[in-house]
Amino acid sequence: MKPALFLLLLAWTVTSAAHAAPSRSGLLAQDGLALRAGSAVRTRFASAVSRDSPHPSQPNNHPTPLTLQRGNGPEPSTLDAHRCPEVACGNILRDLYEGLVAEDARGRLIPGMAERWQVSTDGRVWTFHLRESLRWSNGEALTAGHIVASFRRAFSPATAAPFAVHFDAVDNAALVQRGKLPPERLGISAPDPRTIVFRLSRSAALPQLLLLPIGYPVYLPALREFGPQHTRPGHLVSNGAYRLRAWTPQASLTLERNNRYRDRAPIGRINFLVTEDAASELQRFQAGDLHITETVPPQALPQLRKRFGTQLRISPYLGTMWLGLNLTRPPLRGNVALREALSLAVDRDKLTRYITGLGETPAYGVVPPGVADYRPALLPWAKATQVQRERLARQRYQQAGYSQASPLQIELRYNTSTPHRRMNLAIAAMWREVLGARVTLRNEEWKVFVGNRAQRVITQAFRGGWIADVNDPRNFLANFESGSVTNWSGVDDPQFDALLRAADNASSPELRGRGLQRAETRLLAQHAVIPIYFYTSKHLVRPEVEGFEANALDHHASRFLRFGGVGR
Amino acid sequence: MSANGIAAKAAPTVRLWVARVAEAVVTLWLLATLCFFLLRAAPGGPFDAEKSAPPEVQAAIDAQYHFDQPLLSQYGHWLGDVLRGDLGPSFQYPDYSVNELIAASLPVSLVNGGLALLLALGIGIPLGVWAALRAGRWTDRLLMFGASLGLAMPKFVVAPLLILLFAVTLRWLPAGGWDGGWRSAVLPIIALSLPNLAYCARLTRGSLLEVLGADYLQAARGRGLSEWRLLLAHALKPGLLPVIAWLSPALINVVSGSAVVEQVFGIPGIGRYFVQGALNRDYTLVLGVVLVIGAAIVLINAAIDLLRSYLDPRLRDNL
């Protein structure tokens, strides 16, 4: 091609120019997405999506029909179910495996390997009855013994399973994981080939926990034979609706229907594509190369709606963004009035409307709405107007011993990214405007930031937040237990710990929920965190893909998806 | 040079090459050592994450990767493994060894980078020659303006524009991804080659103009040789020497410095491991990539030196 002609073409496209996004961290699952993403294309290209190719289920560049092309964010770190720590591997493992329980397209619990289960009246013994003739993808029978052996491997210290910590309610789980007891002492047993029994030392939302990838059965013969390479195509044996066919690191992962699974998945082949850059992912969707995107780069919601219509799927997501306050250091240590003043001064409505802008809702509590068996607690002034809040904020600020003459000096720390920078700049401006505080903003690279935040030695106010691993309020609240490794605020409140323990000992889910709500109320009264907003999940889904339902954990197993009209 | 002449030169040349190999080994060792300690000096580690493991579990992980030992002893372990050809496990991608990750990504980068450079040379040199022959006229000015534009546009602007034009609007090519076929390689290769093409054209033009103005060519012109004859027989070879010298940094740049293009197009090349590896503190991956790219630089430089010495006899004694 002649460069002169090419440059002319380029000059033409410059008029609809985009600016690109260099990278996306992938670590903070949702809002750390695009570091610098802009509108990728102007609306005049929007029609590219609607004027579809004649075979809509077949994105234009992929010859194989009936293959679902899914954007999946960054490269999955591992396909070892017990070791998977993040969203990217979780999405793929959900298709490859099935745990004792599963979730339907809307996130409701449904039977998995177990056809039914029951819990003892004290909530301490759970019995799962397996379906008849369960099979591994290689055709071998899958028995209760295999499942128990898989759990023992999951909890052994050498596995270092990231989610094992959530299972400390299971008898001896914490001791086994710390290497203080042999794996055989784990409170999970198989009295017969079709029964699994869990013994707990306190009540827990066990079925929800079993949805985590650590609950999937890993095929140990492959692990013994191939070591770390047991997750490769040809080696990986699983038990879900799909099996692994191909894996090109940093590019794509292909799954195909597992014919030994009891139900036939409507779509025969799934391509999980590495889409590290949200703006590029959007372009790939517009070009017709993707059926589903992992996310949507930050841009104005009305424009997105106009351009994508019903293809844009935004729904509440079990995650809360908050600012943590370090309670172990001045000026925030022992000064509840000051912490409350800082919280009151933040105008959450403005932040969600103008800074995040993709359907996020203002947060006045730590646990988001939509958690099973739970009514979230609220800050006392959640229903007040912002004017009232700001008036109260100034009062508290004075009670805390600060004034215009002797203003608060505080540092606000966050990990480097453009959306975070915008958010923290806005919050700093609110503190400055409402209270007259002097705020220093400090941004750090992710690894440095998480290290500093965990040490609690140099932080004051900092970016925090939590995206639920399981649909359980305790998953949020446990971060503030005095011994928790994620207690970045350094909350050390015996009363809060006692309330958590009381909830743990509750005999029914309702009582447990009420107990946890009391704990959350106590936590909010400490103002150890400033809740800012509840997350949303954001996807683009092509019209021909059916069965993609909103759910709180943003889990979308491919076996519930189908191609409307074309898929068989 | 006659056959005898070459034979006479052989002994010192062999000595020169032995010295060069020794120099290369020492360079690579210094590079790896420096990188090893710099990486360790950076705050944060491969297992620092939002959700940290309990201390006992962390201790088990540390023991597995020798992190519980003094730094010098870790260095010894790592160097020993490297000498045996084992670059270690990746911390971020524990299902793969660094050897496997590099073996999968290097060919992709080499092919893409190599083709991008060939494209740059194949178009850039003729354009440069044409511009030199029409120096000062409007075609020259237009070409050089285009070249400046090509040089000035960063790849993270060019790449999305290419996607917008050829994938989103025209729908000729995929907007990204990698299936090993030629279609997914076209746009990345163009994006990689554009700035190089522009630079190559400018370099060729500048160098050729200088050569065309040299005394010996004025003399040849005086003997009535046509411009084309002059160009092909006398000016092109010396005129291309700067382009040849530039090949080595250019090749290294297209192979290793393509992280942005790889990320925008979703290409499984080696360039992004530099960035990702460093951000994830994936020590072994970064060191592995540094060593492999370091070795490639040494090799490429040697190859380019050979080529230059073939084209320019004056350089032969200074290999």
# chains A, B, ... in the order shown; residues from 1 in each chain; ligands from 1

call {"tool": "select_by_dssp", "arguments": {"residues": "range 103-274 of chain B", "states": "alpha helix (DSSP H)", "output": "ChimeraX atom specification"}}
result
/B:103-133,138-152,155-162,183-212,215-222,227-230,236-256,259-265,271-274

call {"tool": "residues_around", "arguments": {"residues": "Ala120 in chain B", "least_positions_apart": "3", "cutoff": "7 Å", "atoms": "only C-alpha atoms", "output": "NGL selection string"}}
result
:B and (116-117 or 123-124 or 193-194 or 196-197 or 200)

call {"tool": "residues_around", "arguments": {"residues": "Pro473 in chain A", "least_positions_apart": "2", "cutoff": "7 Å", "atoms": "only C-alpha atoms", "output": "PyMOL selection string"}}
result
chain A and resi 367+371+471+475-477

call {"tool": "write_last_selection", "arguments": {"atoms": "N, CA and C atoms", "output": "mmCIF file, in the first residue's frame"}}
result
data_model
loop_
_atom_site.group_PDB
_atom_site.id
_atom_site.type_symbol
_atom_site.label_atom_id
_atom_site.label_comp_id
_atom_site.auth_asym_id
_atom_site.auth_seq_id
_atom_site.Cartn_x
_atom_site.Cartn_y
_atom_site.Cartn_z
ATOM 1 N N VAL A 367 -21.668 -3.750 53.284
ATOM 2 C CA VAL A 367 -22.211 -4.874 52.516
ATOM 3 C C VAL A 367 -23.212 -4.334 51.499
ATOM 4 N N VAL A 371 -27.361 -9.266 48.861
ATOM 5 C CA VAL A 371 -26.716 -10.446 49.432
ATOM 6 C C VAL A 371 -27.794 -11.358 50.028
ATOM 7 N N ASN A 471 -21.387 -15.083 47.892
ATOM 8 C CA ASN A 471 -22.580 -14.290 48.173
ATOM 9 C C ASN A 471 -22.919 -14.430 49.656
ATOM 10 N N ASN A 475 -18.263 -12.343 54.132
ATOM 11 C CA ASN A 475 -17.129 -12.168 53.250
ATOM 12 C C ASN A 475 -16.641 -10.710 53.260
ATOM 13 N N PHE A 476 -17.558 -9.774 53.443
ATOM 14 C CA PHE A 476 -17.175 -8.361 53.548
ATOM 15 C C PHE A 476 -16.715 -8.028 54.967
ATOM 16 N N LEU A 477 -17.491 -8.497 55.945
ATOM 17 C CA LEU A 477 -17.256 -8.070 57.328
ATOM 18 C C LEU A 477 -15.989 -8.682 57.908
#

call {"tool": "select_by_dssp", "arguments": {"residues": "range 213-388 of chain A", "states": "strand (DSSP E)", "output": "VMD selection string"}}
result
chain A and resid 242 to 248 252 to 257 269 to 273 312 to 325 361 to 362

call {"tool": "write_last_selection", "arguments": {"atoms": "N, CA and C atoms", "output": "mmCIF file, in the first residue's frame"}}
result
data_model
loop_
_atom_site.group_PDB
_atom_site.id
_atom_site.type_symbol
_atom_site.label_atom_id
_atom_site.label_comp_id
_atom_site.auth_asym_id
_atom_site.auth_seq_id
_atom_site.Cartn_x
_atom_site.Cartn_y
_atom_site.Cartn_z
ATOM 1 N N TYR A 242 -17.942 -28.481 29.884
ATOM 2 C CA TYR A 242 -16.949 -28.320 28.811
ATOM 3 C C TYR A 242 -15.631 -28.933 29.209
ATOM 4 N N ARG A 243 -14.805 -29.197 28.199
ATOM 5 C CA ARG A 243 -13.445 -29.628 28.500
ATOM 6 C C ARG A 243 -12.467 -28.793 27.697
ATOM 7 N N LEU A 244 -11.228 -28.795 28.172
ATOM 8 C CA LEU A 244 -10.220 -27.913 27.580
ATOM 9 C C LEU A 244 -9.723 -28.498 26.265
ATOM 10 N N ARG A 245 -9.721 -27.652 25.238
ATOM 11 C CA ARG A 245 -9.244 -28.133 23.950
ATOM 12 C C ARG A 245 -7.915 -27.505 23.559
ATOM 13 N N ALA A 246 -7.789 -26.215 23.768
ATOM 14 C CA ALA A 246 -6.537 -25.547 23.367
ATOM 15 C C ALA A 246 -6.282 -24.361 24.283
ATOM 16 N N TRP A 247 -5.010 -24.008 24.430
ATOM 17 C CA TRP A 247 -4.639 -22.883 25.281
ATOM 18 C C TRP A 247 -3.403 -22.223 24.701
ATOM 19 N N THR A 248 -3.558 -21.023 24.179
ATOM 20 C CA THR A 248 -2.418 -20.228 23.736
ATOM 21 C C THR A 248 -2.236 -19.100 24.747
ATOM 22 N N SER A 252 -5.674 -16.949 23.727
ATOM 23 C CA SER A 252 -7.011 -17.533 23.814
ATOM 24 C C SER A 252 -6.976 -18.916 24.444
ATOM 25 N N LEU A 253 -8.158 -19.319 24.861
ATOM 26 C CA LEU A 253 -8.359 -20.626 25.469
ATOM 27 C C LEU A 253 -9.639 -21.192 24.871
ATOM 28 N N THR A 254 -9.568 -22.392 24.339
ATOM 29 C CA THR A 254 -10.746 -22.948 23.682
ATOM 30 C C THR A 254 -11.279 -24.135 24.473
ATOM 31 N N LEU A 255 -12.580 -24.105 24.720
ATOM 32 C CA LEU A 255 -13.236 -25.226 25.382
ATOM 33 C C LEU A 255 -14.196 -25.869 24.391
ATOM 34 N N GLU A 256 -14.394 -27.183 24.539
ATOM 35 C CA GLU A 256 -15.403 -27.833 23.707
ATOM 36 C C GLU A 256 -16.340 -28.619 24.609
ATOM 37 N N ARG A 257 -17.497 -28.898 24.091
ATOM 38 C CA ARG A 257 -18.516 -29.578 24.874
ATOM 39 C C ARG A 257 -17.979 -30.904 25.412
ATOM 40 N N ARG A 269 -18.765 -24.921 21.360
ATOM 41 C CA ARG A 269 -17.378 -24.499 21.547
ATOM 42 C C ARG A 269 -17.318 -23.064 22.087
ATOM 43 N N ILE A 270 -16.422 -22.862 23.030
ATOM 44 C CA ILE A 270 -16.277 -21.534 23.634
ATOM 45 C C ILE A 270 -14.829 -21.083 23.470
ATOM 46 N N ASN A 271 -14.655 -19.878 22.973
ATOM 47 C CA ASN A 271 -13.324 -19.281 22.917
ATOM 48 C C ASN A 271 -13.238 -18.193 23.967
ATOM 49 N N PHE A 272 -12.411 -18.388 24.976
ATOM 50 C CA PHE A 272 -12.154 -17.316 25.933
ATOM 51 C C PHE A 272 -10.959 -16.528 25.414
ATOM 52 N N LEU A 273 -11.169 -15.258 25.118
ATOM 53 C CA LEU A 273 -10.098 -14.468 24.518
ATOM 54 C C LEU A 273 -9.499 -13.520 25.541
ATOM 55 N N LEU A 312 -25.912 -3.386 25.792
ATOM 56 C CA LEU A 312 -25.196 -2.967 26.987
ATOM 57 C C LEU A 312 -25.889 -3.551 28.210
ATOM 58 N N ARG A 313 -25.175 -4.335 28.990
ATOM 59 C CA ARG A 313 -25.769 -4.963 30.167
ATOM 60 C C ARG A 313 -25.053 -4.461 31.415
ATOM 61 N N ILE A 314 -25.721 -3.614 32.166
ATOM 62 C CA ILE A 314 -25.153 -3.104 33.407
ATOM 63 C C ILE A 314 -26.039 -3.580 34.540
ATOM 64 N N SER A 315 -25.446 -4.197 35.553
ATOM 65 C CA SER A 315 -26.277 -4.660 36.659
ATOM 66 C C SER A 315 -25.482 -4.601 37.957
ATOM 67 N N PRO A 316 -26.184 -4.567 39.100
ATOM 68 C CA PRO A 316 -25.487 -4.483 40.389
ATOM 69 C C PRO A 316 -24.551 -5.670 40.570
ATOM 70 N N TYR A 317 -23.444 -5.406 41.208
ATOM 71 C CA TYR A 317 -22.386 -6.408 41.369
ATOM 72 C C TYR A 317 -21.998 -6.384 42.834
ATOM 73 N N LEU A 318 -21.792 -7.539 43.418
ATOM 74 C CA LEU A 318 -21.497 -7.570 44.845
ATOM 75 C C LEU A 318 -20.089 -7.063 45.130
ATOM 76 N N GLY A 319 -19.969 -5.763 45.152
ATOM 77 C CA GLY A 319 -18.668 -5.178 45.455
ATOM 78 C C GLY A 319 -18.879 -3.778 45.989
ATOM 79 N N THR A 320 -18.025 -3.370 46.910
ATOM 80 C CA THR A 320 -18.129 -2.039 47.493
ATOM 81 C C THR A 320 -16.787 -1.343 47.381
ATOM 82 N N MET A 321 -16.817 -0.095 46.934
ATOM 83 C CA MET A 321 -15.593 0.703 46.959
ATOM 84 C C MET A 321 -15.674 1.597 48.184
ATOM 85 N N TRP A 322 -14.643 1.560 48.982
ATOM 86 C CA TRP A 322 -14.620 2.441 50.144
ATOM 87 C C TRP A 322 -13.243 3.055 50.301
ATOM 88 N N LEU A 323 -13.164 4.067 51.148
ATOM 89 C CA LEU A 323 -11.857 4.570 51.558
ATOM 90 C C LEU A 323 -11.590 3.975 52.919
ATOM 91 N N GLY A 324 -10.432 3.392 53.092
ATOM 92 C CA GLY A 324 -10.056 2.888 54.407
ATOM 93 C C GLY A 324 -9.424 4.011 55.205
ATOM 94 N N LEU A 325 -9.588 3.951 56.509
ATOM 95 C CA LEU A 325 -8.939 4.934 57.383
ATOM 96 C C LEU A 325 -8.070 4.153 58.362
ATOM 97 N N THR A 361 -24.106 2.759 42.506
ATOM 98 C CA THR A 361 -25.011 3.430 43.438
ATOM 99 C C THR A 361 -24.233 3.880 44.671
ATOM 100 N N PRO A 362 -24.630 5.023 45.273
ATOM 101 C CA PRO A 362 -23.929 5.518 46.461
ATOM 102 C C PRO A 362 -23.988 4.490 47.588
#

call {"tool": "residues_around", "arguments": {"residues": "Arg518 in chain A", "least_positions_apart": "3", "cutoff": "10 Å", "atoms": "only C-alpha atoms", "output": "list in words"}}
result
Pro376, Ala377, Phe496, Leu499, Leu500, Ala502, Ala503, Arg512, Gly513, Arg514, Gly515, Thr521, Arg522, Leu523 and Leu524 of chain A

call {"tool": "interface_residues", "arguments": {"of": "chain B", "to": "chain A", "cutoff": "7 Å", "atoms": "only C-alpha atoms", "output": "PyMOL selection string"}}
result
chain B and resi 43-44+48-53+56-57+60+92-95+146+156-157+160-161+165+167-169+171+173-178+260+263-264+266-268

call {"tool": "closest_residue", "arguments": {"among": "A:Pro266, A:Gly370, A:Gly365, A:Pro419", "to": "Gly465 in chain A", "atoms": "only C-alpha atoms"}}
result
A:Gly365

call {"tool": "atom_distance", "arguments": {"atom1": "CA of Phe563 in chain A", "atom2": "CA of Val545 in chain A"}}
result
4.9 Å

call {"tool": "atom_distance", "arguments": {"atom1": "CA of Ser207 in chain B", "atom2": "CA of His234 in chain B"}}
result
13.3 Å

call {"tool": "residues_around", "arguments": {"residues": "Glu103 in chain A", "least_positions_apart": "3", "cutoff": "9 Å", "atoms": "only C-alpha atoms", "output": "list in words"}}
result
Arg106, Gly107, Arg108, Leu109, Ile110, Pro111, Gly112, Leu211, His555 and Ala557 of chain A

call {"tool": "write_last_selection", "arguments": {"atoms": "C-alpha atoms", "output": "short mmCIF file (atom, residue, chain, number, x, y, z; two decimals), in the first residue's frame"}}
result
data_model
loop_
_atom_site.label_atom_id
_atom_site.label_comp_id
_atom_site.auth_asym_id
_atom_site.auth_seq_id
_atom_site.Cartn_x
_atom_site.Cartn_y
_atom_site.Cartn_z
CA ARG A 106 -29.45 -15.86 37.72
CA GLY A 107 -27.02 -16.92 40.44
CA ARG A 108 -29.45 -19.09 42.40
CA LEU A 109 -28.12 -22.26 43.99
CA ILE A 110 -28.90 -25.43 42.06
CA PRO A 111 -27.70 -29.01 42.45
CA GLY A 112 -24.27 -29.74 41.01
CA LEU A 211 -19.21 -22.36 44.47
CA HIS A 555 -21.03 -15.37 37.00
CA ALA A 557 -21.54 -20.13 32.91
#

call {"tool": "residues_around", "arguments": {"residues": "Gly88 in chain B", "least_positions_apart": "4", "cutoff": "9 Å", "atoms": "only C-alpha atoms", "output": "list of chain:residue names"}}
result
B:Trp78, B:Asp81, B:Val82, B:Ser97, B:Val98, B:Asn99, B:Thr284, B:Leu285, B:Gly288

call {"tool": "atom_distance", "arguments": {"atom1": "CA of Leu247 in chain B", "atom2": "CA of Val286 in chain B"}}
result
25.0 Å

call {"tool": "closest_residue", "arguments": {"among": "A:Ala468, A:Leu358, A:Val491, A:Ala405", "to": "Gln303 in chain A", "atoms": "only C-alpha atoms"}}
result
A:Leu358
